[in-house]
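Participant: Dropping in run.txt, with compact mmCIF, C-alpha atoms.
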# COMPACT_ATOMS: atom_id res chain seq x y z
CA MET A 69 98.71 20.32 37.45
CA ARG A 70 99.77 23.81 36.43
CA ASP A 71 97.47 26.71 37.30
CA SER A 72 96.26 29.23 34.72
CA ALA A 73 98.99 31.72 35.59
CA GLY A 74 101.61 29.03 35.02
CA ARG A 75 100.10 28.12 31.67
CA ALA A 76 100.00 31.76 30.63
CA GLY A 77 103.67 32.20 31.51
CA GLN A 78 104.56 29.03 29.64
CA ALA A 79 102.83 30.27 26.49
CA ASN A 80 105.18 33.28 26.37
CA LYS A 81 108.37 31.20 26.52
CA SER A 82 110.38 29.64 23.72
CA TYR A 83 110.83 25.88 23.55
CA ASP A 84 114.49 26.32 24.51
CA GLU A 85 113.35 27.98 27.74
CA LEU A 86 110.68 25.37 28.37
CA LEU A 87 113.09 22.49 27.83
CA GLY A 88 115.63 24.17 30.10
CA ALA A 89 113.22 24.19 33.03
CA PRO A 90 114.30 22.10 36.03
CA ASN A 91 112.41 19.07 37.28
CA LEU A 92 110.78 18.16 33.96
CA SER A 93 109.56 14.58 33.83
CA ASP A 94 110.66 12.32 30.98
CA GLU A 95 107.17 12.47 29.48
CA GLU A 96 107.08 16.28 29.66
CA ARG A 97 110.49 16.49 28.01
CA LYS A 98 109.39 14.11 25.24
CA TYR A 99 106.25 16.13 24.62
CA LEU A 100 108.20 19.39 24.42
CA ARG A 101 110.86 17.91 22.11
CA ALA A 102 108.15 16.63 19.77
CA GLU A 103 106.27 19.94 19.68
CA ALA A 104 109.50 21.92 19.38
CA THR A 105 110.61 19.86 16.40
CA LEU A 106 107.27 20.32 14.66
CA GLY A 107 107.08 24.04 15.48
CA HIS A 108 110.64 24.78 14.37
CA ALA A 109 110.15 22.79 11.16
CA ALA A 110 106.92 24.63 10.32
CA ALA A 111 108.43 28.05 10.98
CA LEU A 112 111.53 27.13 8.96
CA LEU A 113 109.39 26.05 6.00
CA VAL A 114 107.48 29.35 6.14
CA LEU A 115 110.72 31.34 6.16
CA ARG A 116 111.96 29.31 3.19
CA GLY A 117 108.85 30.21 1.23
CA GLU A 118 107.33 26.71 1.40
CA LYS A 119 104.06 27.96 2.83
CA GLU A 120 101.92 25.21 1.31
CA LEU A 121 104.06 22.55 2.94
CA ALA A 122 104.05 24.43 6.23
CA GLY A 123 100.27 24.78 6.05
CA ILE A 124 99.87 21.02 5.83
CA LEU A 125 101.50 20.75 9.25
CA LEU A 126 98.51 22.60 10.71
CA GLU A 127 96.59 19.36 10.20
CA VAL A 128 98.88 17.48 12.60
CA LYS A 129 96.78 16.81 15.68
CA SER A 130 99.64 15.57 17.83
CA ALA A 131 103.35 14.82 17.64
CA THR A 132 104.67 11.91 19.70
CA ILE A 133 108.18 10.60 20.30
CA GLU A 134 108.43 6.82 20.67
CA TRP A 135 111.36 4.46 21.15
CA ASP A 136 112.01 2.02 18.29
CA ASP A 137 113.29 -1.19 19.90
CA GLN A 138 114.45 -2.67 16.61
CA ALA A 139 116.42 0.34 15.36
CA ARG A 140 117.40 1.41 18.88
CA GLU A 141 116.47 5.02 18.23
CA GLU A 142 113.70 7.54 18.84
CA ASP A 143 111.04 8.19 16.20
CA LEU A 144 108.72 11.17 15.85
CA TRP A 145 105.17 10.23 14.85
CA LEU A 146 102.89 12.88 13.36
CA GLU A 147 99.24 11.99 13.88
CA VAL A 148 96.53 13.34 11.57
CA ALA A 149 92.83 12.71 11.06
CA PRO A 150 92.10 10.00 8.45
CA GLU A 151 90.55 12.50 6.05
CA HIS A 152 93.78 14.52 5.98
CA GLN A 153 96.23 11.71 5.30
CA SER A 154 95.95 12.25 1.55
CA LEU A 155 97.50 15.71 1.97
CA PHE A 156 100.77 14.08 3.01
CA THR A 157 101.97 12.65 -0.28
CA GLU A 158 105.22 10.70 -0.22
CA GLU A 159 107.08 13.65 -1.71
CA LYS A 160 105.69 16.11 0.85
CA LEU A 161 106.22 13.74 3.74
CA THR A 162 109.83 13.28 2.67
CA ARG A 163 110.37 17.05 2.71
CA ILE A 164 108.72 17.32 6.13
CA ARG A 165 110.81 14.43 7.43
CA GLU A 166 114.04 16.00 6.15
CA THR A 167 113.19 19.34 7.73
CA CYS A 168 112.30 17.76 11.08
CA GLN A 169 115.52 15.73 11.02
CA GLU A 170 117.50 18.89 10.27
CA VAL A 171 115.87 20.63 13.24
CA SER A 172 116.58 17.64 15.46
CA ARG A 173 120.26 17.56 14.50
CA ARG A 174 120.74 21.28 15.01
CA ARG A 175 118.80 21.35 18.29
CA ASP A 176 120.10 18.00 19.53
CA TYR A 177 116.60 16.59 20.03
CA GLY A 178 117.72 13.04 19.27
CA ILE A 179 115.02 12.20 16.70
CA ALA A 180 116.16 9.78 14.00
CA TRP A 181 113.00 9.13 11.97
CA VAL A 182 109.69 10.86 11.27
CA GLY A 183 106.55 8.93 10.36
CA LEU A 184 102.86 9.62 9.73
CA ARG A 185 99.84 7.78 11.11
CA GLU A 186 96.13 8.26 11.75
CA THR A 187 94.85 9.50 15.06
CA LEU A 188 93.00 6.89 17.05
CA PRO A 189 89.47 7.92 18.04
CA SER A 190 88.62 8.02 21.73
CA VAL A 191 85.84 5.52 22.37
CA GLY A 192 83.72 4.42 25.29
CA PRO A 193 81.44 1.49 26.15
CA GLN A 194 78.62 2.96 24.04
CA TRP A 195 80.68 2.94 20.82
CA ARG A 196 78.33 0.52 19.02
CA ASP A 197 75.33 2.79 19.53
CA HIS A 198 77.25 5.87 18.40
CA VAL A 199 78.61 4.18 15.28
CA ARG A 200 75.11 2.96 14.34
CA GLN A 201 73.76 6.50 14.75
CA TYR A 202 76.48 8.04 12.61
CA ILE A 203 76.10 5.39 9.91
CA SER A 204 72.34 5.93 9.80
CA GLY A 205 72.77 9.72 9.76
CA LYS A 206 70.75 10.17 12.95
CA GLN A 207 73.48 11.82 14.99
CA GLN A 208 74.54 15.35 14.08
CA SER A 209 77.08 17.76 15.48
CA ASN A 210 78.53 21.14 14.62
CA GLN A 211 81.79 19.37 13.76
CA GLY A 212 80.43 17.25 10.92
CA ARG A 213 83.84 16.18 9.62
CA LEU A 214 84.85 14.48 12.88
CA VAL A 215 83.18 11.26 13.90
CA ARG A 216 83.00 11.25 17.67
CA VAL A 217 82.08 7.86 19.04
CA GLU A 218 82.52 9.05 22.61
CA GLU A 219 80.39 11.71 24.23
CA PRO A 220 82.31 15.03 24.01
CA ARG A 221 83.50 16.36 27.34
CA PHE A 222 82.54 19.99 26.73
CA VAL A 223 79.00 20.54 25.43
CA GLU A 224 76.60 23.47 25.59
CA ASP A 225 73.50 24.31 23.52
CA HIS A 226 73.98 20.99 21.65
CA LEU A 227 77.39 22.20 20.43
CA ALA A 228 80.63 20.36 21.20
CA PHE A 229 83.94 21.98 22.13
CA THR A 230 87.40 20.47 22.23
CA ASN A 231 88.57 22.17 25.42
CA GLU A 232 87.53 24.40 28.30
CA GLY A 233 89.01 27.52 26.72
CA GLU A 234 86.72 27.25 23.70
CA LEU A 235 83.72 26.82 25.98
CA ILE A 236 84.68 29.87 28.06
CA VAL A 237 84.95 32.02 24.92
CA TYR A 238 81.63 30.68 23.61
CA ARG A 239 79.84 31.55 26.85
CA ALA A 240 81.32 35.06 26.83
CA LEU A 241 80.24 35.58 23.21
CA LYS A 242 76.77 34.26 23.96
CA LYS A 243 76.43 36.71 26.85
CA ILE A 244 77.42 39.56 24.51
CA GLN A 245 74.98 38.27 21.89
CA GLU A 246 72.08 38.19 24.32
CA LYS A 247 72.82 41.16 26.59
CA ASP A 248 74.86 43.76 24.71
CA PHE A 249 73.24 43.94 21.26
CA PRO A 250 69.66 44.41 20.03
CA ARG A 251 67.95 41.31 18.66
CA ASP A 252 67.95 42.66 15.11
CA ASP A 253 71.63 43.66 15.11
CA THR A 254 73.57 41.04 17.03
CA ILE A 255 76.25 38.45 16.35
CA GLY A 256 76.14 34.83 15.20
CA ILE A 257 78.44 32.30 16.88
CA PHE A 258 79.60 29.15 15.07
CA PRO A 259 82.10 27.07 17.10
CA LEU A 260 84.41 24.74 15.18
CA ALA A 261 82.77 25.50 11.85
CA GLY A 262 84.84 23.25 9.61
CA GLY A 263 85.22 24.42 6.04
CA ARG A 264 87.33 24.26 2.92
CA VAL A 265 89.89 26.88 1.91
CA LEU A 266 92.18 26.61 -1.08
CA GLY A 267 94.04 23.32 -0.88
CA ARG A 268 92.95 22.13 2.56
CA THR A 269 90.21 21.71 5.13
CA TRP A 270 90.38 23.82 8.29
CA GLU A 271 88.31 24.16 11.42
CA PRO A 272 88.55 27.64 12.97
CA ASP A 273 87.93 27.72 16.70
CA VAL A 274 85.03 30.19 16.38
CA LEU A 275 83.41 31.78 13.33
CA VAL A 276 81.54 35.00 14.22
CA THR A 277 79.15 36.86 11.93
CA TYR A 278 78.21 40.52 12.40
CA ARG A 279 76.65 43.05 10.02
CA ASN A 280 77.08 40.91 6.90
CA ARG A 281 80.69 40.11 7.70
CA ALA A 282 82.39 36.95 8.93
CA GLY A 283 85.36 36.89 11.29
CA VAL A 284 87.41 34.14 12.90
CA LEU A 285 88.62 33.89 16.47
CA GLU A 286 91.51 31.54 17.22
CA ILE A 287 92.00 30.56 20.85
CA ASP A 288 95.52 30.10 22.16
CA GLY A 289 96.42 27.01 24.14
CA PRO A 290 99.19 26.66 26.73
CA HIS A 291 101.60 25.17 24.17
CA HIS A 292 101.01 27.65 21.37
CA THR A 293 104.58 29.00 21.43
CA GLY A 294 106.57 28.45 18.24
CA ARG A 295 103.73 28.50 15.71
CA ARG A 296 103.24 32.24 15.20
CA ALA A 297 104.74 32.31 11.70
CA LEU A 298 102.55 29.38 10.73
CA ASP A 299 99.47 31.12 12.12
CA THR A 300 100.21 34.19 10.01
CA SER A 301 100.16 32.04 6.89
CA ARG A 302 96.85 30.55 8.01
CA GLU A 303 95.33 33.99 8.57
CA HIS A 304 96.30 35.05 5.05
CA LEU A 305 94.54 32.01 3.61
CA LEU A 306 91.39 32.76 5.60
CA ARG A 307 91.35 36.36 4.36
CA ASP A 308 91.85 35.13 0.80
CA VAL A 309 88.55 33.24 1.00
CA GLY A 310 86.53 36.17 2.31
CA ILE A 311 87.01 36.14 6.09
CA ALA A 312 86.96 39.85 6.91
CA PHE A 313 88.91 39.80 10.16
CA VAL A 314 90.99 37.25 12.08
CA ASP A 315 91.95 37.74 15.72
CA ARG A 316 93.38 35.70 18.57
CA ILE A 317 92.30 35.20 22.17
CA THR A 318 95.29 34.73 24.46
CA VAL A 319 95.61 32.34 27.37
CA GLU A 320 95.78 35.34 29.69
CA ALA A 321 92.43 36.66 28.42
CA ILE A 322 90.71 33.30 28.88
CA SER A 323 91.66 33.28 32.55
CA ASN A 324 90.54 36.91 33.08
CA PRO A 325 86.80 37.58 32.45
CA VAL A 326 87.26 41.36 32.24
CA GLU A 327 90.10 41.10 29.74
CA LEU A 328 88.20 38.47 27.74
CA ASN A 329 85.09 40.64 27.53
CA GLY A 330 87.17 43.60 26.35
CA SER A 331 88.99 41.48 23.75
CA LEU A 332 85.73 40.15 22.35
CA HIS A 333 84.12 43.59 22.14
CA ARG A 334 87.19 44.93 20.31
CA PHE A 335 87.04 42.00 17.90
CA ILE A 336 83.35 42.59 17.16
CA LYS A 337 83.88 46.33 16.69
CA ARG A 338 86.78 45.76 14.28
CA LEU A 339 84.77 43.13 12.44
CA GLY A 340 81.90 45.56 12.02
CA ASP A 341 84.26 48.33 10.87
CA THR A 342 86.13 46.15 8.37
CA LYS A 343 85.62 47.28 4.79
Go ahead and express the file in the form of structure tokens.
Facilitator:
Amino acid sequence: MRDSAGRAGQANKSYDELLGAPNLSDEERKYLRAEATLGHAAALLVLRGEKELAGILLEVKSATIEWDDQAREEDLWLEVAPEHQSLFTEEKLTRIRETCQEVSRRRDYGIAWVGLRETLPSVGPQWRDHVRQYISGKQQSNQGRLVRVEEPRFVEDHLAFTNEGELIVYRALKKIQEKDFPRDDTIGIFPLAGGRVLGRTWEPDVLVTYRNRAGVLEIDGPHHTGRRALDTSREHLLRDVGIAFVDRITVEAISNPVELNGSLHRFIKRLGDTK
């Protein structure tokens, strides 16, 4: 398993550099080829002015390369949540497929076909109880649009998080909320507050409110490289619907408490100063 310093260094590299690393396993190489294809395709669509089509790719939860025994070729499967499948009309999926195939040919990634399918939920032995609770409306979560039939791995204050980085940022924000601001002039913290912007549903990592303004914090993961142009398009859409300020927490900051605290204080100050 890579340490935090290794992940931080990886986040600053291009996919060409990552794929050129020695001693990659077959599974690691497949993962990187899939993500590289998706990232290059999204950035290419943005540069071509097809921002709406590129924005749809933000809803792809994972990209997986699988071998097709019948056709004797590798396929790229884009997995999305069931509620987002309707965004991928046949016409749009065809354009996405053509762009991914173009990237694959030019980068020699070996992908012949691109398909779309639903993500499979992660379930455990208690799935019957969880499904009954959701159907009856008895089970609630801050991520109302996602049905989780397995207990989330990262939970605090009855809020669920998708990874450790989100939880670290939440704890740091909560400490600032409780220790650094007066009770009548502090921040609100809303992790994974799913909402609707023009044309699509998005779930920012953290929505923060301060002095009658709302800001969004996005938290970088170790494989964030290659999506910067796509993120810029996303930030513009968030600002268009009234989000005053959008900022990003880097992998390096998550692994450094002092840097994280400074980044969060700067974000809150800029949010408060935003006109």
Participant: When you draw a straight line from atom CA of Pro272 of chain A to atom CA of Leu260 of chain A, how long is it in Å?
Facilitator: 5.5 Å
Participant: Return as lines of an AutoDock Vina configuration file the box centre and box size in Å, one decimal, for an axis-aligned box around all listed atoms of segment 245-264 of chain A padded by 6 Å per side.
Facilitator:
center_x = 77.6
center_y = 33.8
center_z = 14.8
size_x = 31.4
size_y = 33.2
size_z = 35.7
Participant: I'd like the contact shell of Leu161 of chain A - 10 Å cut-off, only C-alpha atoms, skipping same-chain residues fewer than 3 positions apart - returned as a ChimeraX atom specification.
Facilitator: /A:121,124,155-158,164-167,182-184
Participant: Under the rule that all atoms listed in the file are counted, which of A:Thr269, A:Ser82, A:Thr105, A:Asn324 is the nearest residue to Asp176 of chain A?
Facilitator: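 Closest candidate: A:Thr105.
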Participant: Pick out the closest residue to Gly107 of chain A from this set: A:Gln194, A:Thr277, A:Ser204, A:Ser130. Count all atoms listed in the file.
Facilitator: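 Once distances to Gly107 of chain A are computed over all atoms listed in the file, the minimum belongs to A:Ser130.
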Participant: My structure is short of atoms at segment 78-111 of chain A; please model N, CA and C atoms there, returning them as an mmCIF file, in the frame of the given file.
Facilitator:
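Contents of the output file part.cif:
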data_model
loop_
_atom_site.group_PDB
_atom_site.id
_atom_site.type_symbol
_atom_site.label_atom_id
_atom_site.label_comp_id
_atom_site.auth_asym_id
_atom_site.auth_seq_id
_atom_site.Cartn_x
_atom_site.Cartn_y
_atom_site.Cartn_z
ATOM 1 N N GLN A 78 103.946 30.005 30.539
ATOM 2 C CA GLN A 78 104.560 29.030 29.640
ATOM 3 C C GLN A 78 104.342 29.404 28.187
ATOM 4 N N ALA A 79 103.151 29.945 27.873
ATOM 5 C CA ALA A 79 102.830 30.270 26.490
ATOM 6 C C ALA A 79 103.719 31.371 25.937
ATOM 7 N N ASN A 80 104.336 32.169 26.812
ATOM 8 C CA ASN A 80 105.180 33.280 26.370
ATOM 9 C C ASN A 80 106.651 32.891 26.284
ATOM 10 N N LYS A 81 106.986 31.636 26.544
ATOM 11 C CA LYS A 81 108.370 31.200 26.520
ATOM 12 C C LYS A 81 108.679 30.444 25.230
ATOM 13 N N SER A 82 109.952 30.436 24.866
ATOM 14 C CA SER A 82 110.380 29.640 23.720
ATOM 15 C C SER A 82 110.532 28.185 24.171
ATOM 16 N N TYR A 83 110.631 27.284 23.197
ATOM 17 C CA TYR A 83 110.830 25.880 23.550
ATOM 18 C C TYR A 83 112.182 25.658 24.214
ATOM 19 N N ASP A 84 113.192 26.440 23.847
ATOM 20 C CA ASP A 84 114.490 26.320 24.510
ATOM 21 C C ASP A 84 114.350 26.608 26.002
ATOM 22 N N GLU A 85 113.565 27.645 26.327
ATOM 23 C CA GLU A 85 113.350 27.980 27.740
ATOM 24 C C GLU A 85 112.541 26.907 28.445
ATOM 25 N N LEU A 86 111.513 26.401 27.759
ATOM 26 C CA LEU A 86 110.680 25.370 28.370
ATOM 27 C C LEU A 86 111.469 24.095 28.631
ATOM 28 N N LEU A 87 112.304 23.711 27.667
ATOM 29 C CA LEU A 87 113.090 22.490 27.830
ATOM 30 C C LEU A 87 114.209 22.670 28.854
ATOM 31 N N GLY A 88 114.585 23.908 29.113
ATOM 32 C CA GLY A 88 115.630 24.170 30.100
ATOM 33 C C GLY A 88 115.112 24.249 31.525
ATOM 34 N N ALA A 89 113.800 24.102 31.688
ATOM 35 C CA ALA A 89 113.220 24.190 33.030
ATOM 36 C C ALA A 89 113.646 22.998 33.878
ATOM 37 N N PRO A 90 113.912 23.217 35.154
ATOM 38 C CA PRO A 90 114.300 22.100 36.030
ATOM 39 C C PRO A 90 113.105 21.216 36.361
ATOM 40 N N ASN A 91 113.410 20.001 36.756
ATOM 41 C CA ASN A 91 112.410 19.070 37.280
ATOM 42 C C ASN A 91 111.359 18.642 36.254
ATOM 43 N N LEU A 92 111.697 18.686 34.972
ATOM 44 C CA LEU A 92 110.780 18.160 33.960
ATOM 45 C C LEU A 92 110.789 16.635 34.016
ATOM 46 N N SER A 93 109.621 16.036 33.907
ATOM 47 C CA SER A 93 109.560 14.580 33.830
ATOM 48 C C SER A 93 109.991 14.134 32.432
ATOM 49 N N ASP A 94 110.283 12.845 32.290
ATOM 50 C CA ASP A 94 110.660 12.320 30.980
ATOM 51 C C ASP A 94 109.545 12.520 29.962
ATOM 52 N N GLU A 95 108.301 12.315 30.391
ATOM 53 C CA GLU A 95 107.170 12.470 29.480
ATOM 54 C C GLU A 95 106.999 13.933 29.061
ATOM 55 N N GLU A 96 107.173 14.855 29.996
ATOM 56 C CA GLU A 96 107.080 16.280 29.660
ATOM 57 C C GLU A 96 108.179 16.675 28.677
ATOM 58 N N ARG A 97 109.372 16.155 28.901
ATOM 59 C CA ARG A 97 110.490 16.490 28.010
ATOM 60 C C ARG A 97 110.257 15.912 26.613
ATOM 61 N N LYS A 98 109.712 14.709 26.539
ATOM 62 C CA LYS A 98 109.390 14.110 25.240
ATOM 63 C C LYS A 98 108.347 14.941 24.503
ATOM 64 N N TYR A 99 107.311 15.331 25.234
ATOM 65 C CA TYR A 99 106.250 16.130 24.620
ATOM 66 C C TYR A 99 106.813 17.439 24.065
ATOM 67 N N LEU A 100 107.641 18.112 24.850
ATOM 68 C CA LEU A 100 108.200 19.390 24.420
ATOM 69 C C LEU A 100 109.158 19.219 23.244
ATOM 70 N N ARG A 101 109.954 18.151 23.249
ATOM 71 C CA ARG A 101 110.860 17.910 22.110
ATOM 72 C C ARG A 101 110.066 17.666 20.829
ATOM 73 N N ALA A 102 108.980 16.912 20.943
ATOM 74 C CA ALA A 102 108.150 16.630 19.770
ATOM 75 C C ALA A 102 107.525 17.909 19.226
ATOM 76 N N GLU A 103 106.910 18.697 20.109
ATOM 77 C CA GLU A 103 106.270 19.940 19.680
ATOM 78 C C GLU A 103 107.290 20.947 19.167
ATOM 79 N N ALA A 104 108.453 20.991 19.817
ATOM 80 C CA ALA A 104 109.500 21.920 19.380
ATOM 81 C C ALA A 104 109.993 21.566 17.984
ATOM 82 N N THR A 105 110.163 20.286 17.726
ATOM 83 C CA THR A 105 110.610 19.860 16.400
ATOM 84 C C THR A 105 109.589 20.258 15.339
ATOM 85 N N LEU A 106 108.322 19.988 15.617
ATOM 86 C CA LEU A 106 107.270 20.320 14.660
ATOM 87 C C LEU A 106 107.158 21.835 14.473
ATOM 88 N N GLY A 107 107.192 22.585 15.567
ATOM 89 C CA GLY A 107 107.080 24.040 15.480
ATOM 90 C C GLY A 107 108.241 24.679 14.743
ATOM 91 N N HIS A 108 109.467 24.249 15.064
ATOM 92 C CA HIS A 108 110.640 24.780 14.370
ATOM 93 C C HIS A 108 110.605 24.432 12.882
ATOM 94 N N ALA A 109 110.208 23.202 12.568
ATOM 95 C CA ALA A 109 110.150 22.790 11.160
ATOM 96 C C ALA A 109 109.136 23.622 10.394
ATOM 97 N N ALA A 110 107.963 23.842 10.990
ATOM 98 C CA ALA A 110 106.920 24.630 10.320
ATOM 99 C C ALA A 110 107.387 26.062 10.090
ATOM 100 N N ALA A 111 107.958 26.673 11.122
ATOM 101 C CA ALA A 111 108.430 28.050 10.980
ATOM 102 C C ALA A 111 109.556 28.142 9.951
#
